[in-house]
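Asks: Sharing upload-v3.cif below, mmCIF, C-alpha atoms:
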data_entry
loop_
_atom_site.label_atom_id
_atom_site.label_comp_id
_atom_site.auth_asym_id
_atom_site.auth_seq_id
_atom_site.Cartn_x
_atom_site.Cartn_y
_atom_site.Cartn_z
CA MET Z 1 99.35 29.12 98.91
CA LYS Z 2 102.81 30.63 98.59
CA LYS Z 3 101.64 32.46 95.50
CA LEU Z 4 98.67 33.88 97.38
CA TRP Z 5 100.98 35.19 100.09
CA PHE Z 6 103.20 36.76 97.49
CA PHE Z 7 100.28 38.50 95.82
CA SER Z 8 98.85 39.78 99.12
CA LEU Z 9 102.29 41.11 99.96
CA LEU Z 10 102.56 42.74 96.54
CA LEU Z 11 99.09 44.24 96.95
CA CYS Z 12 100.07 45.62 100.37
CA CYS Z 13 103.22 47.18 98.91
CA LEU Z 14 101.28 48.74 96.04
CA THR Z 15 98.63 50.13 98.40
CA CYS Z 16 101.30 51.58 100.68
CA ALA Z 17 103.12 53.05 97.69
CA HIS Z 18 99.86 54.58 96.53
CA ILE Z 19 99.14 56.15 99.92
CA TYR Z 20 102.71 57.40 100.10
CA ALA Z 21 102.46 58.97 96.66
CA ALA Z 22 99.04 60.48 97.34
CA ASP Z 23 100.40 63.85 98.40
CA GLY Z 24 97.22 65.81 97.83
CA LEU Z 25 94.82 65.78 94.91
CA LYS Z 26 95.97 65.18 91.34
CA VAL Z 27 94.46 66.15 88.00
CA GLY Z 28 91.48 63.86 87.39
CA ASP Z 29 90.69 63.38 91.10
CA ILE Z 30 87.32 64.33 92.58
CA ALA Z 31 87.60 67.75 94.24
CA ALA Z 32 87.09 67.76 98.01
CA ASP Z 33 84.16 69.92 99.11
CA PHE Z 34 84.44 72.39 101.97
CA SER Z 35 82.42 74.88 103.93
CA LEU Z 36 84.59 77.89 104.72
CA LYS Z 37 83.87 81.42 105.90
CA ASN Z 38 83.95 84.21 103.36
CA VAL Z 39 84.98 87.78 104.21
CA ASP Z 40 81.28 88.77 104.20
CA GLY Z 41 80.56 86.20 106.93
CA SER Z 42 78.74 83.74 104.65
CA MET Z 43 79.84 80.11 104.25
CA ILE Z 44 81.08 78.99 100.82
CA SER Z 45 80.92 75.42 99.46
CA LEU Z 46 81.40 73.78 96.08
CA LYS Z 47 77.71 72.88 96.34
CA ASP Z 48 76.88 76.58 95.85
CA TYR Z 49 78.41 76.34 92.36
CA SER Z 50 76.35 73.48 90.94
CA SER Z 51 75.28 75.66 88.00
CA SER Z 52 78.87 76.71 87.09
CA LYS Z 53 80.94 74.95 84.45
CA GLY Z 54 83.83 75.05 86.85
CA ILE Z 55 85.64 76.94 89.59
CA ILE Z 56 89.05 78.61 89.72
CA LEU Z 57 90.20 77.87 93.27
CA ILE Z 58 93.27 79.96 94.13
CA PHE Z 59 95.23 79.46 97.35
CA THR Z 60 96.54 82.95 98.07
CA CYS Z 61 96.98 85.37 100.97
CA ASN Z 62 97.52 88.99 101.94
CA HIS Z 63 101.21 89.13 102.88
CA CYS Z 64 103.05 87.20 100.17
CA PRO Z 65 104.64 89.44 97.51
CA PHE Z 66 103.91 86.84 94.83
CA SER Z 67 100.24 86.83 95.82
CA LYS Z 68 100.21 90.63 95.79
CA ALA Z 69 101.84 90.66 92.36
CA TYR Z 70 99.00 88.48 91.07
CA GLU Z 71 96.02 90.19 92.77
CA ASP Z 72 95.15 92.39 89.79
CA ARG Z 73 95.55 89.48 87.41
CA ILE Z 74 93.25 87.33 89.57
CA ILE Z 75 90.65 90.12 89.48
CA GLN Z 76 91.01 90.25 85.67
CA ILE Z 77 90.68 86.48 85.30
CA ASN Z 78 87.48 86.51 87.35
CA LYS Z 79 86.15 89.37 85.24
CA MET Z 80 86.88 87.43 82.07
CA TYR Z 81 85.78 83.96 83.07
CA ALA Z 82 83.09 84.25 85.79
CA GLU Z 83 80.44 85.10 83.23
CA LYS Z 84 81.67 82.24 81.04
CA GLY Z 85 81.03 79.80 83.88
CA PHE Z 86 84.41 79.76 85.64
CA PRO Z 87 84.33 82.08 88.68
CA VAL Z 88 87.23 82.56 91.08
CA ILE Z 89 87.25 81.51 94.74
CA ALA Z 90 90.29 82.85 96.61
CA ILE Z 91 91.25 80.83 99.68
CA ASN Z 92 93.73 81.85 102.36
CA PRO Z 93 95.37 78.84 104.05
CA ASN Z 94 97.95 80.63 106.21
CA ASP Z 95 98.14 80.34 109.98
CA GLU Z 96 97.20 83.77 111.30
CA VAL Z 97 99.34 83.25 114.41
CA SER Z 98 102.50 82.94 112.25
CA VAL Z 99 101.38 85.71 109.90
CA PRO Z 100 99.03 88.22 111.56
CA GLU Z 101 98.74 90.07 108.23
CA ASP Z 102 96.81 87.04 106.94
CA SER Z 103 94.19 87.09 109.71
CA TYR Z 104 90.46 86.97 108.93
CA ASP Z 105 90.07 90.65 109.83
CA ASN Z 106 92.94 91.62 107.55
CA MET Z 107 91.42 89.48 104.77
CA LYS Z 108 88.25 91.58 105.06
CA ILE Z 109 90.30 94.77 104.78
CA ARG Z 110 92.30 93.49 101.78
CA ALA Z 111 89.18 92.26 99.94
CA LYS Z 112 87.59 95.68 100.41
CA GLU Z 113 90.71 97.61 99.36
CA LYS Z 114 91.11 95.58 96.18
CA GLY Z 115 87.38 95.38 95.52
CA PHE Z 116 87.20 91.58 95.27
CA VAL Z 117 83.84 90.61 93.76
CA PHE Z 118 84.58 86.90 94.32
CA PRO Z 119 84.70 85.06 97.66
CA TYR Z 120 87.87 85.28 99.74
CA ILE Z 121 87.54 82.44 102.22
CA GLN Z 122 89.67 81.39 105.17
CA ASP Z 123 90.92 77.81 105.52
CA ALA Z 124 91.33 78.30 109.27
CA THR Z 125 92.14 74.65 110.06
CA GLN Z 126 94.37 74.36 106.96
CA GLN Z 127 92.64 71.05 106.24
CA ILE Z 128 91.57 72.04 102.72
CA ALA Z 129 95.10 73.13 101.74
CA LYS Z 130 96.40 69.78 103.06
CA THR Z 131 93.70 67.78 101.28
CA TYR Z 132 94.35 69.53 97.97
CA GLY Z 133 98.12 69.35 98.44
CA ALA Z 134 98.64 73.09 98.14
CA THR Z 135 102.16 74.13 99.20
CA ARG Z 136 102.55 77.74 98.16
CA THR Z 137 100.72 80.99 97.44
CA PRO Z 138 99.51 81.53 94.81
CA HIS Z 139 98.65 77.91 93.94
CA VAL Z 140 95.79 77.36 91.49
CA TYR Z 141 93.35 74.44 91.17
CA VAL Z 142 90.82 74.56 88.32
CA LEU Z 143 87.78 72.40 89.05
CA LYS Z 144 85.50 71.15 86.32
CA ASN Z 145 81.84 70.47 86.97
CA ASN Z 146 80.80 67.09 85.60
CA SER Z 147 77.02 67.11 86.23
CA GLY Z 148 77.32 68.12 89.85
CA VAL Z 149 80.64 66.39 90.61
CA PHE Z 150 83.70 68.62 90.57
CA SER Z 151 87.00 67.13 89.48
CA ILE Z 152 90.50 68.64 89.25
CA ALA Z 153 91.31 69.75 85.70
CA TYR Z 154 94.41 71.92 86.18
CA ILE Z 155 96.95 72.50 88.95
CA GLY Z 156 99.67 75.10 89.02
CA ALA Z 157 100.68 78.58 88.01
CA ILE Z 158 98.65 81.55 86.74
CA ASP Z 159 101.26 82.39 84.10
CA ASP Z 160 105.02 82.37 83.52
CA ASN Z 161 105.96 85.84 84.75
CA HIS Z 162 105.15 86.89 88.30
CA SER Z 163 107.02 90.17 88.27
CA ASP Z 164 105.77 91.66 85.02
CA ALA Z 165 102.22 91.11 83.79
CA GLU Z 166 103.08 92.97 80.57
CA ASN Z 167 105.70 90.41 79.60
CA VAL Z 168 103.77 87.21 80.15
CA LYS Z 169 104.40 84.70 77.40
CA GLU Z 170 102.51 81.66 78.70
CA LYS Z 171 99.04 82.26 80.17
CA TYR Z 172 98.82 78.78 81.70
CA LEU Z 173 95.61 79.33 83.66
CA ALA Z 174 93.70 81.19 80.92
CA ASN Z 175 94.78 78.58 78.36
CA ALA Z 176 93.59 75.78 80.63
CA ILE Z 177 90.16 77.40 81.02
CA GLU Z 178 89.87 78.07 77.28
CA SER Z 179 90.53 74.38 76.62
CA LEU Z 180 88.00 73.27 79.23
CA MET Z 181 85.37 75.58 77.71
CA GLN Z 182 85.88 73.69 74.45
CA ASN Z 183 85.53 70.39 76.32
CA LYS Z 184 89.20 69.63 75.81
CA PRO Z 185 91.61 68.73 78.60
CA ALA Z 186 93.97 71.45 79.78
CA SER Z 187 97.42 71.18 78.24
CA PRO Z 188 99.62 71.46 80.20
CA ASP Z 189 97.38 70.39 83.09
CA PHE Z 190 100.17 70.82 85.66
CA THR Z 191 102.71 73.66 85.99
CA LYS Z 192 104.96 75.04 88.70
CA ALA Z 193 105.73 78.54 89.97
CA ILE Z 194 107.80 80.13 92.69
CA GLY Z 195 105.71 81.19 95.65
CA CYS Z 196 105.64 81.73 99.39
CA SER Z 197 105.42 78.53 101.37
CA ILE Z 198 102.09 78.07 103.13
CA LYS Z 199 102.64 79.00 106.77
CA TRP Z 200 101.51 75.90 108.66
CA LYS Z 201 100.45 75.94 112.29
CA LYS Z 202 103.34 75.07 114.61
CA MET O 1 165.01 100.87 115.05
CA LEU O 2 162.94 103.52 113.31
CA TYR O 3 162.52 101.20 110.31
CA LYS O 4 161.31 98.46 112.61
CA VAL O 5 158.69 100.70 114.15
CA GLN O 6 157.53 101.77 110.71
CA TYR O 7 157.26 98.16 109.56
CA THR O 8 155.31 97.09 112.61
CA LEU O 9 152.87 99.90 111.86
CA LEU O 10 152.87 99.45 108.14
CA LEU O 11 152.24 95.72 108.00
CA PRO O 12 148.94 95.71 109.90
CA LEU O 13 147.90 98.78 107.91
CA LEU O 14 148.62 97.00 104.61
CA ALA O 15 146.85 93.90 105.84
CA TRP O 16 143.86 96.01 106.86
CA ILE O 17 143.72 97.71 103.45
CA PHE O 18 144.08 94.35 101.71
CA ILE O 19 141.30 92.69 103.70
CA HIS O 20 138.95 95.61 103.32
CA SER O 21 139.51 96.01 99.61
CA ALA O 22 138.93 92.27 99.21
CA GLN O 23 135.70 92.63 101.18
CA ASN O 24 134.67 95.56 99.06
CA ILE O 25 135.18 93.62 95.85
CA ASN O 26 133.13 90.85 97.39
CA ALA O 27 130.46 93.32 98.49
CA GLN O 28 130.23 94.84 95.02
CA ASN O 29 129.58 91.43 93.52
CA GLN O 30 126.92 90.56 96.07
CA GLY O 31 123.49 90.37 94.53
CA ARG O 32 124.65 90.21 90.92
CA VAL O 33 121.87 89.19 88.54
CA ILE O 34 122.22 85.80 86.90
CA SER O 35 120.06 83.67 84.61
CA PHE O 36 119.02 80.10 85.27
CA SER O 37 121.57 78.76 82.76
CA GLN O 38 124.29 79.74 85.24
CA ILE O 39 122.59 77.73 87.98
CA ASP O 40 122.13 74.91 85.52
CA SER O 41 125.85 74.76 84.78
CA LEU O 42 126.49 74.50 88.55
CA LEU O 43 124.02 71.61 88.66
CA HIS O 44 126.14 69.82 86.06
CA ASN O 45 129.51 70.79 87.51
CA THR O 46 131.81 67.84 88.17
CA ASP O 47 134.19 69.62 90.61
CA ASP O 48 134.73 67.81 93.84
CA THR O 49 132.73 70.47 95.69
CA LEU O 50 129.62 70.16 97.79
CA TYR O 51 127.38 72.98 96.58
CA VAL O 52 124.85 74.22 99.12
CA LEU O 53 122.28 76.02 96.98
CA ASN O 54 119.63 77.86 98.96
CA PHE O 55 116.66 79.45 97.19
CA TRP O 56 115.32 82.32 99.25
CA ALA O 57 114.01 85.92 99.22
CA THR O 58 114.27 88.88 101.58
CA TRP O 59 110.49 88.94 102.07
CA CYS O 60 110.32 85.23 102.94
CA LYS O 61 110.23 85.04 106.75
CA PRO O 62 111.32 81.39 107.16
CA CYS O 63 114.12 82.03 104.63
CA VAL O 64 115.46 85.00 106.58
CA GLU O 65 115.19 83.02 109.83
CA GLU O 66 117.42 80.24 108.48
CA LEU O 67 120.04 82.51 106.85
CA PRO O 68 122.36 82.40 109.92
CA ILE O 69 122.55 78.61 109.51
CA PHE O 70 123.93 79.05 105.98
CA GLU O 71 126.28 81.77 107.17
CA GLU O 72 127.68 79.38 109.79
CA ILE O 73 128.20 76.64 107.19
CA ASN O 74 129.87 79.16 104.88
CA ALA O 75 132.28 80.29 107.62
CA LYS O 76 132.97 76.81 108.95
CA TYR O 77 133.91 75.25 105.59
CA LYS O 78 135.60 78.29 104.09
CA ASN O 79 138.80 76.34 103.39
CA GLN O 80 137.14 73.13 102.33
CA SER O 81 135.38 72.07 99.16
CA VAL O 82 131.98 73.31 100.31
CA LYS O 83 130.38 76.24 98.52
CA VAL O 84 127.35 78.08 99.87
CA LEU O 85 125.38 80.03 97.28
CA LEU O 86 122.30 82.00 98.33
CA ILE O 87 120.04 82.32 95.29
CA SER O 88 117.61 85.19 95.81
CA LEU O 89 114.22 85.21 94.12
CA ASP O 90 113.51 88.81 95.03
CA PHE O 91 111.99 90.88 92.26
CA ILE O 92 114.73 92.16 89.91
CA GLN O 93 113.39 95.71 90.22
CA ASP O 94 113.89 95.52 94.01
CA LYS O 95 117.64 94.84 93.80
CA GLU O 96 118.95 98.29 94.78
CA LYS O 97 116.01 99.23 96.97
CA ILE O 98 115.65 96.04 99.02
CA LEU O 99 118.19 93.28 98.35
CA ILE O 100 121.46 95.25 98.49
CA PRO O 101 120.52 97.19 101.67
CA PHE O 102 119.44 93.86 103.23
CA ILE O 103 122.82 92.24 102.42
CA LYS O 104 124.67 95.23 103.88
CA LYS O 105 122.53 95.45 107.00
CA LYS O 106 122.89 91.73 107.77
CA ASP O 107 126.54 91.78 106.64
CA ILE O 108 126.06 88.53 104.75
CA GLN O 109 129.36 86.87 103.83
CA SER O 110 128.02 83.93 101.80
CA GLU O 111 127.83 84.64 98.08
CA ILE O 112 124.43 85.97 96.99
CA VAL O 113 123.10 86.02 93.45
CA LEU O 114 119.78 87.37 92.23
CA LEU O 115 118.07 84.96 89.87
CA LYS O 116 116.25 86.49 86.92
CA ALA O 117 113.47 83.97 87.27
CA GLU O 118 111.91 83.81 83.84
CA ASN O 119 109.31 81.07 83.44
CA PRO O 120 109.94 79.09 86.64
CA ASN O 121 107.82 76.25 85.22
CA GLU O 122 110.69 75.49 82.87
CA TRP O 123 113.45 75.32 85.47
CA ILE O 124 111.97 74.34 88.88
CA ASP O 125 112.10 70.65 87.91
CA LYS O 126 115.74 71.03 86.84
CA VAL O 127 116.62 71.99 90.41
CA ASP O 128 114.58 69.05 91.67
CA SER O 129 111.41 67.33 90.47
CA GLU O 130 110.22 67.21 94.11
CA TRP O 131 110.24 71.01 94.40
CA SER O 132 106.76 72.55 94.24
CA GLY O 133 108.23 76.05 93.93
CA ALA O 134 107.67 77.15 97.54
CA LEU O 135 110.44 79.02 99.37
CA PRO O 136 112.73 78.26 101.11
CA ALA O 137 114.28 75.34 99.25
CA THR O 138 117.80 73.92 99.46
CA LEU O 139 119.77 71.57 97.25
CA LEU O 140 122.99 69.87 98.36
CA ILE O 141 124.88 68.59 95.35
CA ASN O 142 128.27 67.09 94.53
CA ASN O 143 128.08 65.36 91.16
CA GLN O 144 131.50 63.80 91.44
CA LYS O 145 130.45 62.04 94.65
CA LYS O 146 126.93 61.42 93.31
CA ILE O 147 125.40 63.39 96.18
CA ARG O 148 122.03 65.05 95.59
CA LYS O 149 119.74 65.97 98.46
CA PHE O 150 116.80 68.32 98.15
CA PHE O 151 114.75 69.97 100.91
CA GLU O 152 111.62 72.12 100.51
CA LYS O 153 111.52 73.37 104.07
CA GLN O 154 113.05 75.62 106.69
CA PHE O 155 115.99 74.02 108.52
CA LYS O 156 116.08 73.83 112.26
CA HIS O 157 119.31 74.77 113.97
CA GLU O 158 122.03 72.07 113.70
CA GLU O 159 119.91 70.04 111.27
CA LEU O 160 121.71 71.22 108.13
CA GLN O 161 125.06 71.03 109.89
CA ASP O 162 124.38 67.38 110.83
CA ILE O 163 123.40 66.52 107.25
CA ILE O 164 126.55 68.14 105.85
CA THR O 165 128.77 66.45 108.45
CA GLN O 166 127.28 63.10 107.44
CA LEU O 167 127.74 63.83 103.74
CA LEU O 168 131.36 64.86 104.18
CA LYS O 169 132.02 61.79 106.31
CA SER O 170 130.55 59.47 103.70
CA GLU O 171 132.86 61.07 101.14
CA LEU O 172 135.93 59.67 102.87
#
Translate the structure described by the file into structure tokens.
Replies:
Amino acid sequence: MKKLWFFSLLLCCLTCAHIYAADGLKVGDIAADFSLKNVDGSMISLKDYSSSKGIILIFTCNHCPFSKAYEDRIIQINKMYAEKGFPVIAINPNDEVSVPEDSYDNMKIRAKEKGFVFPYIQDATQQIAKTYGATRTPHVYVLKNNSGVFSIAYIGAIDDNHSDAENVKEKYLANAIESLMQNKPASPDFTKAIGCSIKWKK
Amino acid sequence: MLYKVQYTLLLPLLAWIFIHSAQNINAQNQGRVISFSQIDSLLHNTDDTLYVLNFWATWCKPCVEELPIFEEINAKYKNQSVKVLLISLDFIQDKEKILIPFIKKKDIQSEIVLLKAENPNEWIDKVDSEWSGALPATLLINNQKKIRKFFEKQFKHEELQDIITQLLKSEL
């Protein structure tokens, strides 16, 4: 009986530890679906991408200089990989009260100015950023389609040089997608970058 | 009598020149570009100093909002073994155009360095494995006293002061 108590206690501790450690989604986890409004007014979900090999989900925004520095590279990545089955979805998680520049109307303007051909959706409740565990912009999640179920295959940076696209040495995101296209796991599957903190609602 | 008058005038004048030239030297050094290896050596320093390392940028609104808190800490512990270092992650090419004018306008007294942030993926974990890379972020470290506290957030007023007071108390 004592043993049983001990094991239930241990199990409780482990469960708590797991919940505590579960700070957003990790590589290998099932990707959470969403239904969020695109700049063209349509609603975008993972379900719409059932015929893709994967999705490049990028938490980004209008105002952050790091996001701006990567806009052209994000456009290029979509150009390169959308037709190979990995299209980009850009998602803005920032609270538009804290940062008016990141409002839905300003997203529409920015998408038009830059000529985004991929969705730029607003995570107005910030629930998707919280679920995924996004903390900064830009913050990339590559999702892999396993017969209709999307799982996380890569989390992190676009590359190793935010300020100078010409001097990039490590193309982390492109390398991850290339591996996935060959049915290999991304390596590394997790990287870090400096970015603007996501501006949470107060 | 005349000598006395001259001295009373001269001394403050000399003091004024001294203080201002010291400030100018300080101002010239503000915003100097460093590489991560210099931060890394601070992280392994065994001086009995509490380093308050704040990672920030001029364009980061929460960072700019909390700068006065670091300025207060810097002024308050000027003569104690507490060292505030503001590590800017502004773009290197923006140094003269944005960072230096910002330092001058805000008259920032804490030491500011501009980190040439090559491949952050290789050094973010060295600052702290808990850091996702979002700004602002602050590390309080004193290796000799085995103190290491990391925060990926914007401090509220008094909050950082309370933490530092506690840390300095526990040192005794």
Asks: Produce a table with one row for each residue of chain O that has an atom at most 7 Å from any atom of chain Z, each row naming the nearest atom pair and its distance in Å at one decimal; use all atoms listed in the file; arrange rows by chain and rising residue number; format as a tab-separated table.
Replies:
residue	atom	partner	partner_atom	distance
O:Cys60	CA	Z:Cys196	CA	6.8
O:Phe91	CA	Z:Ser163	CA	6.4
O:Glu118	CA	Z:Asn161	CA	6.4
O:Asn119	CA	Z:Asp160	CA	4.5
O:Pro120	CA	Z:Ala193	CA	5.4
O:Asn121	CA	Z:Lys192	CA	4.7
O:Ser132	CA	Z:Lys192	CA	6.3
O:Gly133	CA	Z:Ile194	CA	4.3
O:Ala134	CA	Z:Ser197	CA	4.7
O:Leu135	CA	Z:Ser197	CA	5.4
Asks: For a test of reading the model, state the distance in Å between CA of Ser129 (chain O) and CA of Val64 (chain O), rounded to one decimal.
Replies: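 Value for the CA of Ser129 (chain O)-CA of Val64 (chain O) distance: 24.3 Å.
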Asks: Give me the residues within 10 Å of Ile75 (chain Z) as a PDB file with C-alpha atoms, in the frame of the given file, counting only C-alpha atoms and dropping any in the same chain fewer than 6 places off.
Replies:
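Written out: result_15.pdb:
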ATOM      1  CA  VAL Z  88      87.230  82.560  91.080  1.00  0.00           C
ATOM      2  CA  LYS Z 114      91.110  95.580  96.180  1.00  0.00           C
ATOM      3  CA  GLY Z 115      87.380  95.380  95.520  1.00  0.00           C
ATOM      4  CA  PHE Z 116      87.200  91.580  95.270  1.00  0.00           C
ATOM      5  CA  VAL Z 117      83.840  90.610  93.760  1.00  0.00           C
ATOM      6  CA  PHE Z 118      84.580  86.900  94.320  1.00  0.00           C
TER       7      PHE Z 118
END
Asks: Which region 27-115 of chain Z residues have any atom within 9 Å of an atom of region 142-148 of chain Z, and for each, what is the nearest pair of atoms with distance in Å to one decimal, counting all atoms listed in the file, rows sorted by chain and number, as CSV?
Replies:
residue,atom,partner,partner_atom,distance
Z:Ile30,CA,Z:Leu143,CA,8.8
Z:Ala31,CA,Z:Leu143,CA,7.0
Z:Lys47,CA,Z:Gly148,CA,8.1
Z:Tyr49,CA,Z:Gly148,CA,8.7
Z:Ser50,CA,Z:Gly148,CA,5.6
Z:Ser51,CA,Z:Gly148,CA,8.0
Z:Ser52,CA,Z:Asn145,CA,6.9
Z:Lys53,CA,Z:Asn145,CA,5.2
Z:Gly54,CA,Z:Lys144,CA,4.3
Z:Ile55,CA,Z:Leu143,CA,5.0
Z:Ile56,CA,Z:Val142,CA,4.6
Z:Leu57,CA,Z:Val142,CA,6.0
Z:Ile58,CA,Z:Val142,CA,8.3
Z:Phe86,CA,Z:Val142,CA,8.7
Asks: For region 31-41 of chain O, find every residue with an atom within 12 Å (counting all atoms listed in the file), except residues of its own chain fewer than 5 positions away, and show them as a ChimeraX atom specification.
Replies: /O:26,46-47,51-55,57-58,85-104,108-128,139,141,143
Asks: Here's the selection I'm unsure about, the PyMOL selection byres ((chain Z and resi 121) around 7); applied to the file above, which residues does it give, as a ChimeraX atom specification?
Replies: /Z:36-39,90-92,119-120,122-123
Asks: The PyMOL selection byres ((chain O and resi 168) around 12) - which residues does that actually catch in the file I just gave you? List them as a PyMOL selection string.
Replies: chain O and resi 48-51+77+80-82+140-142+145+147+161-167+169-172
Asks: Which distance in Å separates CA of Lys201 (chain Z) and CA of Lys153 (chain O), to one decimal?
Replies: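 Interatomic distance, CA of Lys201 (chain Z) to CA of Lys153 (chain O): 14.0 Å.
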Asks: I need the residue nearest Asp102 (chain Z) from this list: Z:Ala186, Z:Ile44, Z:Ala124, Z:Ala69. Use only C-alpha atoms for the distance.
Replies: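 Residue with the minimum atom-to-atom distance to Asp102 (chain Z): Z:Ala124.
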Asks: CA of Gly24 (chain Z) and CA of Lys130 (chain Z), how far apart in Å?
Replies: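 These atoms are spaced 6.6 Å apart.
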Asks: Looking at Z:Gly85, Z:Ser67, Z:Ile77, Z:Lys26, which one is nearest to Lys171 (chain Z), with distances taken over all atoms listed in the file?
Replies: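 Of Z:Gly85, Z:Ser67, Z:Ile77, Z:Lys26, the one nearest Lys171 (chain Z), counting all atoms listed in the file, is Z:Ile77.
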Asks: If you count all atoms listed in the file, which residues fall within 9 Å of Ile128 (chain Z), apart from same-chain ones fewer than 6 positions away, as a list in words?
Replies: Ala32, Asp33, Phe34, Pro93 and Ala134 of chain Z
Asks: Go through Z:Pro87, Z:Tyr141, Z:Thr125, Z:Gly41 and flag the residue nearest Lys108 (chain Z), using only C-alpha atoms for the distances.
Replies: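 For Lys108 (chain Z), the nearest of the candidates is Z:Gly41.
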Asks: Using only the atoms of region 71-74 of chain O listed in the file, plus 8 Å on each side, state the axis-aligned box centre and edge lengths in Å rounded to one decimal, as AutoDock Vina command-line options.
Replies:
--center_x 128.1 --center_y 79.2 --center_z 107.3 --size_x 19.6 --size_y 21.1 --size_z 20.9
